[in-house]
Each structure stands twice: as C-alpha cells, then as structure tokens.
There are 2 protein chains.
Amino acid sequence: MKFCSECAHPVELTIPAGDNRPRYVCTQCTAIHYQNPKMVLGSIPVWERDGQLQVLLCRRAIEPRYGYWTLPAGFMENNETTSEAAMRETVEEAGAHIELGPLFTLMNVARVHQVHMFYLATLRDLDFAPGEESLDVQMFTEEQIPWNDLAFPTIRTTLELFFADRARMRASGGGYGFHTQDITKPMRSDV
Amino acid sequence: MKFCSECAHPVELTIPAGDNRPRYVCTQCTAIHYQNPKMVLGSIPVWERDGQLQVLLCRRAIEPRYGYWTLPAGFMENNETTSEAAMRETVEEAGAHIELGPLFTLMNVARVHQVHMFYLATLRDLDFAPGEESLDVQMFTEEQIPWNDLAFPTIRTTLELFFADRARMRASGGGYGFHTQDITKPMRSDV
C-alpha cells in the first residue's frame, strides 16, 4: 500500500495514537488503513456406496500450485456466510451438487494471514465438471489420494483428520469431530 | 474506496474478466482491490469456586455501543492465530490472565461482513483491570448477566449457548459443544 484509497495522498507506516502496531496512515487525511487476515472456505465432498467412500478433489488450473490437487475452496466474500462460501466454491470449482454438513476443520496459516475452514459435505450425484479454476475433477478412495501432489498443507491436514475420524468411527463409533490446528510449515517441506 | 492504493489513480466499480461480482479496479494500473470479511476474536473468561460460576464482562469505552457490556473481543490481526487474537484481546480489554480452552462459537454476521468467534477460557486469578477500550470490568453470575445491556447479538448468543451447555452438562453430563450460527438480526430488535 502506497497511497490513501480515500484521498490519493501518500500513506506512511506508523503507530497511530492509542495503538500498538504499525498501520498505513494517510499523511493528508489521517485515515488509518487496517489490514486483516482473510478466510478461505471449502468443503470435503464425499460419495459413499456399498461401504466404499470416495472424496472429490480438483486439480488447480491457477497459481499458486498450478496442477496440484485440492479440495474445492476459495476466499470468502463480503455478504455471505462461511457455509454459503463453502457451497459457492464447491459449485464454482467442481460444478458439484452437495449437501453441506457441519464445520470440520479450522486451521490458522498465520504466516500468510489466512484462516482455512472446511465443511463436511455429501455429493447429491456424480454429475460434476471442472470450473474455470480447475483442470480436472476426480473422485478418490483413501488409497488413491495423491498425497504427494496436494496443493496446500491445510488440504493434507483436513484429509488426514477426515480419514483418522473415520478410522476411529469404524473402531469405536461416534461421529466426526471439529478440529482446530495451527499450520506453521509450508507444503514443500512436508512432502 | 475512491483511489488505487498502489498508483493513486481513480478506481471504478466493475466486474473484472473471469469474475462474477463488482470489484474496485484501478482505471490506470488495472489492480483489483478485493474486499473480504473480517474476523472478530474473543473469549468467555470464567471463574468457578464452590459450585458458583462467574463470567467476566467488559463495559465498552468506545463506539459502537459505548457503555454496553461485552465479552472481551476485537479484530484479529495479521501474523497471529485465532487463539492468539482471543488471548490478546482479553489482556488488552480486561487485563485478565486466562488459560484458553477450545473454540466454543463461530457466528456469521454477514450484513456487516464479519465472523465472530469465542474461545472458552478459565481465569487464573481475579487480578484484572479495564484497558483503554473498557470503562469497567466485572464478574457476573448467570442471574446477574445484564441481558438487556449487552453490546452485540453475538455476545448474547455466545452467553446463551454457554449457559445452555452448562444446564445440559448438569442434567446429563458430557462437555461443552462447538456451535456455529448465522446472526441476521441487529441487537436492538432483539431486546
């Protein structure tokens, strides 16, 4: 940020009176321009038949991580709720028709100023198609998940927690949990 | 937003190619200035002795809702996690020393482009004091909560869910839940 979005004069990075961190402050109109973390919302769309579960993944057609696999997800917009954002991104990226379940993961990625959240979701049918931001959309069983070609650590974490919950549910019943986690390592050092 | 924060030329509200909603786009350098919802993080600091539970509330020294009661909460900053933000706001507004528990509520307030989240918290001691943004900090039993003088609907909702969970726990055991909710009514029509 170089200029004030209200009066076009230069901004400077300074700690305003009564504050304790540097902000972009206009040198002319004194407007303070705060910068805050963004939310990324997505879903874990699953299809289960005859005891066989498959998860829908999208192959990214955009940077960052072009060509890598992701759960459908994207930045939450103004005037929508977290569940509406998760639903919208699933339609936009995978053309998928889902029924949204409860929130499953909330993960802090503080180094990039983001909070990622994923909702459980059930596919209504297998009639899906890649949107503009996807090269491909495919269904994967747990064994088929491309663990080394996932786009982001929050995708890996969400899928790991999802299959761990299912293993626990098979062994001792109960339902899916809600999981919060802080992600500190970038993807490439994970794989 | 009237001017580009990168080059100071005027922006116009238009739908960029490949997008489907209006954005502020620079008429000169074509930078797109996205606007996204913000997160408000806070805690529910409690003190429990001899079966008597009290909750810490702050009386607001700032607008909006000057003079009304709130749980300690505020905007999440870049470079921090949701739990760090909840902890920081509790220190800043109430000078309180807490041990943070799990996330308790996540509430969408889409009409003001905000998501509010509150963590369970236990006070380490009763050594607290109002910060710059608080007129007063006090402990309240459930019967003493100033329901008609609460600052925001998300405060009311979080406190209602908290005491409902405690009533359920007294009756049939178990622990606190995690609750998501969409808040559509402003505070004044609630009371």
# chains A, B, ... in the order shown; residues from 1 in each chain; ligands from 1
call {"tool": "interface_residues", "arguments": {"of": "chain B", "to": "chain A", "cutoff": "7 Å", "atoms": "only C-alpha atoms", "output": "ChimeraX atom specification"}}
result
/B:1-8,35-38,76-82,108,110-111,113
call {"tool": "select_by_dssp", "arguments": {"residues": "region 44-172 of chain B", "states": "alpha helix (DSSP H)", "output": "PyMOL selection string"}}
result
chain B and resi 82-94+153-172
call {"tool": "residues_around", "arguments": {"residues": "Tyr66 (chain B)", "least_positions_apart": "6", "cutoff": "10 Å", "atoms": "only C-alpha atoms", "output": "list in words"}}
result
Arg59, Arg60, Glu133, Ser134, Leu135 and Ala151 of chain B
call {"tool": "residues_around", "arguments": {"residues": "Ile32 (chain B)", "least_positions_apart": "5", "cutoff": "10 Å", "atoms": "only C-alpha atoms", "output": "list in words"}}
result
Cys4, Val11, Glu12, Leu13, Thr14, Ile15, Pro16, Arg23, Tyr24, Val25, Cys26 and Thr27 of chain B
call {"tool": "residues_around", "arguments": {"residues": "Phe128 (chain B)", "least_positions_apart": "6", "cutoff": "9 Å", "atoms": "only C-alpha atoms", "output": "list in words"}}
result
Val91, Ala94, Gly95, Ala96, His97, Val137 and Gln138 of chain B
call {"tool": "write_last_selection", "arguments": {"atoms": "C-alpha atoms", "output": "short mmCIF file (atom, residue, chain, number, x, y, z; two decimals), in the first residue's frame"}}
result
data_model
loop_
_atom_site.label_atom_id
_atom_site.label_comp_id
_atom_site.auth_asym_id
_atom_site.auth_seq_id
_atom_site.Cartn_x
_atom_site.Cartn_y
_atom_site.Cartn_z
CA VAL B 91 -5.43 -8.98 28.01
CA ALA B 94 -9.68 -6.65 30.69
CA GLY B 95 -6.05 -7.07 31.81
CA ALA B 96 -7.08 -10.64 32.60
CA HIS B 97 -4.82 -13.69 32.90
CA VAL B 137 -14.64 -4.98 34.06
CA GLN B 138 -16.84 -7.07 36.34
#
call {"tool": "residues_around", "arguments": {"residues": "region 174-176 of chain B", "least_positions_apart": "3", "cutoff": "10 Å", "atoms": "only C-alpha atoms", "output": "list in words"}}
result
Pro102, Leu103, Phe104, Leu120, Leu161, Phe162, Phe163, Ala164, Asp165, Arg166, Arg168, Met169, Arg170, Ala171 and His179 of chain B
call {"tool": "write_last_selection", "arguments": {"atoms": "all heavy atoms", "output": "tab-separated table (two decimals), in the first residue's frame"}}
result
chain	number	residue	atom	x	y	z
B	102	PRO	N	-11.03	-24.72	24.29
B	102	PRO	CA	-11.38	-24.90	22.87
B	102	PRO	C	-12.26	-23.77	22.34
B	102	PRO	O	-12.87	-23.03	23.11
B	102	PRO	CB	-12.17	-26.21	22.86
B	102	PRO	CG	-12.05	-26.80	24.21
B	102	PRO	CD	-11.66	-25.72	25.16
B	103	LEU	N	-12.33	-23.69	21.01
B	103	LEU	CA	-13.25	-22.75	20.36
B	103	LEU	C	-14.68	-23.16	20.70
B	103	LEU	O	-15.02	-24.35	20.66
B	103	LEU	CB	-13.01	-22.79	18.85
B	103	LEU	CG	-13.70	-21.72	18.00
B	103	LEU	CD1	-13.30	-20.32	18.44
B	103	LEU	CD2	-13.37	-21.92	16.53
B	104	PHE	N	-15.53	-22.20	21.06
B	104	PHE	CA	-16.89	-22.51	21.51
B	104	PHE	C	-17.96	-22.09	20.50
B	104	PHE	O	-18.87	-22.84	20.21
B	104	PHE	CB	-17.14	-21.83	22.87
B	104	PHE	CG	-18.50	-22.12	23.44
B	104	PHE	CD1	-18.85	-23.39	23.86
B	104	PHE	CD2	-19.45	-21.11	23.56
B	104	PHE	CE1	-20.11	-23.67	24.38
B	104	PHE	CE2	-20.71	-21.37	24.09
B	104	PHE	CZ	-21.03	-22.65	24.50
B	120	LEU	N	-13.62	-20.76	24.90
B	120	LEU	CA	-13.77	-20.98	26.33
B	120	LEU	C	-12.46	-20.55	27.00
B	120	LEU	O	-11.38	-20.67	26.40
B	120	LEU	CB	-14.03	-22.47	26.62
B	120	LEU	CG	-15.34	-23.03	26.05
B	120	LEU	CD1	-15.36	-24.54	26.21
B	120	LEU	CD2	-16.56	-22.41	26.74
B	161	LEU	N	-25.71	-19.81	24.65
B	161	LEU	CA	-25.23	-21.16	24.34
B	161	LEU	C	-24.37	-21.70	25.48
B	161	LEU	O	-24.42	-22.89	25.81
B	161	LEU	CB	-24.45	-21.15	23.02
B	161	LEU	CG	-25.28	-20.94	21.76
B	161	LEU	CD1	-24.37	-20.60	20.57
B	161	LEU	CD2	-26.10	-22.20	21.44
B	162	PHE	N	-23.57	-20.84	26.09
B	162	PHE	CA	-22.69	-21.25	27.18
B	162	PHE	C	-23.52	-21.76	28.37
B	162	PHE	O	-23.27	-22.86	28.89
B	162	PHE	CB	-21.81	-20.07	27.60
B	162	PHE	CG	-20.91	-20.37	28.76
B	162	PHE	CD1	-19.76	-21.13	28.59
B	162	PHE	CD2	-21.22	-19.90	30.03
B	162	PHE	CE1	-18.94	-21.42	29.67
B	162	PHE	CE2	-20.40	-20.19	31.11
B	162	PHE	CZ	-19.27	-20.95	30.94
B	163	PHE	N	-24.54	-20.99	28.78
B	163	PHE	CA	-25.35	-21.41	29.94
B	163	PHE	C	-26.25	-22.59	29.58
B	163	PHE	O	-26.55	-23.42	30.44
B	163	PHE	CB	-26.14	-20.22	30.50
B	163	PHE	CG	-25.27	-19.22	31.20
B	163	PHE	CD1	-25.10	-17.93	30.71
B	163	PHE	CD2	-24.58	-19.58	32.36
B	163	PHE	CE1	-24.27	-17.02	31.36
B	163	PHE	CE2	-23.74	-18.68	33.02
B	163	PHE	CZ	-23.59	-17.39	32.51
B	164	ALA	N	-26.68	-22.69	28.31
B	164	ALA	CA	-27.47	-23.86	27.88
B	164	ALA	C	-26.62	-25.12	27.94
B	164	ALA	O	-27.08	-26.17	28.40
B	164	ALA	CB	-28.00	-23.63	26.46
B	165	ASP	N	-25.36	-25.04	27.50
B	165	ASP	CA	-24.46	-26.19	27.58
B	165	ASP	C	-24.24	-26.60	29.03
B	165	ASP	O	-24.23	-27.79	29.36
B	165	ASP	CB	-23.10	-25.87	26.93
B	165	ASP	CG	-23.06	-26.26	25.46
B	165	ASP	OD1	-24.14	-26.40	24.87
B	165	ASP	OD2	-21.95	-26.42	24.90
B	166	ARG	N	-24.08	-25.62	29.91
B	166	ARG	CA	-23.86	-25.93	31.33
B	166	ARG	C	-25.10	-26.60	31.95
B	166	ARG	O	-24.96	-27.54	32.74
B	166	ARG	CB	-23.49	-24.67	32.11
B	166	ARG	CG	-22.08	-24.18	31.77
B	166	ARG	CD	-21.62	-23.11	32.71
B	166	ARG	NE	-21.60	-23.53	34.09
B	166	ARG	CZ	-20.59	-24.13	34.71
B	166	ARG	NH1	-19.49	-24.42	34.05
B	166	ARG	NH2	-20.67	-24.45	35.98
B	168	ARG	N	-27.28	-28.45	30.31
B	168	ARG	CA	-27.27	-29.81	29.78
B	168	ARG	C	-26.24	-30.67	30.50
B	168	ARG	O	-26.49	-31.83	30.84
B	168	ARG	CB	-26.98	-29.77	28.27
B	168	ARG	CG	-26.84	-31.16	27.64
B	168	ARG	CD	-26.44	-31.13	26.17
B	168	ARG	NE	-25.33	-30.26	25.82
B	168	ARG	CZ	-24.05	-30.49	26.11
B	168	ARG	NH1	-23.69	-31.57	26.77
B	168	ARG	NH2	-23.12	-29.62	25.73
B	169	MET	N	-25.05	-30.09	30.76
B	169	MET	CA	-23.97	-30.84	31.42
B	169	MET	C	-24.38	-31.22	32.85
B	169	MET	O	-24.07	-32.31	33.32
B	169	MET	CB	-22.69	-30.01	31.42
B	169	MET	CG	-22.03	-29.93	30.03
B	169	MET	SD	-20.98	-28.46	29.76
B	169	MET	CE	-19.63	-28.75	30.89
B	170	ARG	N	-25.07	-30.29	33.56
B	170	ARG	CA	-25.55	-30.58	34.91
B	170	ARG	C	-26.58	-31.72	34.87
B	170	ARG	O	-26.58	-32.60	35.72
B	170	ARG	CB	-26.24	-29.34	35.53
B	170	ARG	CG	-25.28	-28.39	36.25
B	170	ARG	CD	-26.05	-27.42	37.15
B	170	ARG	NE	-27.09	-26.68	36.45
B	170	ARG	CZ	-26.89	-25.53	35.79
B	170	ARG	NH1	-25.69	-25.00	35.73
B	170	ARG	NH2	-27.89	-24.92	35.19
B	171	ALA	N	-27.46	-31.69	33.82
B	171	ALA	CA	-28.55	-32.66	33.75
B	171	ALA	C	-28.07	-34.02	33.28
B	171	ALA	O	-28.48	-35.05	33.82
B	171	ALA	CB	-29.64	-32.13	32.80
B	179	HIS	N	-20.36	-24.57	18.53
B	179	HIS	CA	-21.61	-24.09	17.96
B	179	HIS	C	-21.37	-23.11	16.82
B	179	HIS	O	-20.61	-22.15	16.99
B	179	HIS	CB	-22.44	-23.39	19.04
B	179	HIS	CG	-22.68	-24.22	20.27
B	179	HIS	ND1	-23.72	-25.11	20.36
B	179	HIS	CD2	-21.99	-24.33	21.44
B	179	HIS	CE1	-23.68	-25.71	21.55
B	179	HIS	NE2	-22.64	-25.26	22.22
call {"tool": "atom_distance", "arguments": {"atom1": "CA of Ala129 (chain A)", "atom2": "CA of Pro72 (chain A)"}}
result
12.1 Å
call {"tool": "atom_distance", "arguments": {"atom1": "CA of Glu48 (chain A)", "atom2": "CA of Glu142 (chain A)"}}
result
12.0 Å
call {"tool": "closest_residue", "arguments": {"among": "A:Ile98, A:Ala61, A:Leu126, A:Ile145", "to": "Gly42 (chain A)", "atoms": "only C-alpha atoms"}}
result
A:Ile98
call {"tool": "residues_around", "arguments": {"residues": "Leu41 (chain A)", "least_positions_apart": "6", "cutoff": "6 Å", "atoms": "only C-alpha atoms", "output": "list in words"}}
result
Ala73, Gly74, Ala85, Ala86, His116, Met117 and Phe118 of chain A
call {"tool": "closest_residue", "arguments": {"among": "A:Phe140, A:Tyr119, A:Trp69, A:Trp47", "to": "Arg156 (chain A)", "atoms": "only C-alpha atoms"}}
result
A:Trp69
call {"tool": "select_by_dssp", "arguments": {"residues": "chain B", "states": "strand (DSSP E)", "output": "PyMOL selection string"}}
result
chain B and resi 11-14+23-26+32-33+38-49+52-60+69-70+73-75+98-109+114-123+134-140+179-182
call {"tool": "atom_distance", "arguments": {"atom1": "CA of Ile44 (chain B)", "atom2": "CA of Pro64 (chain B)"}}
result
20.5 Å
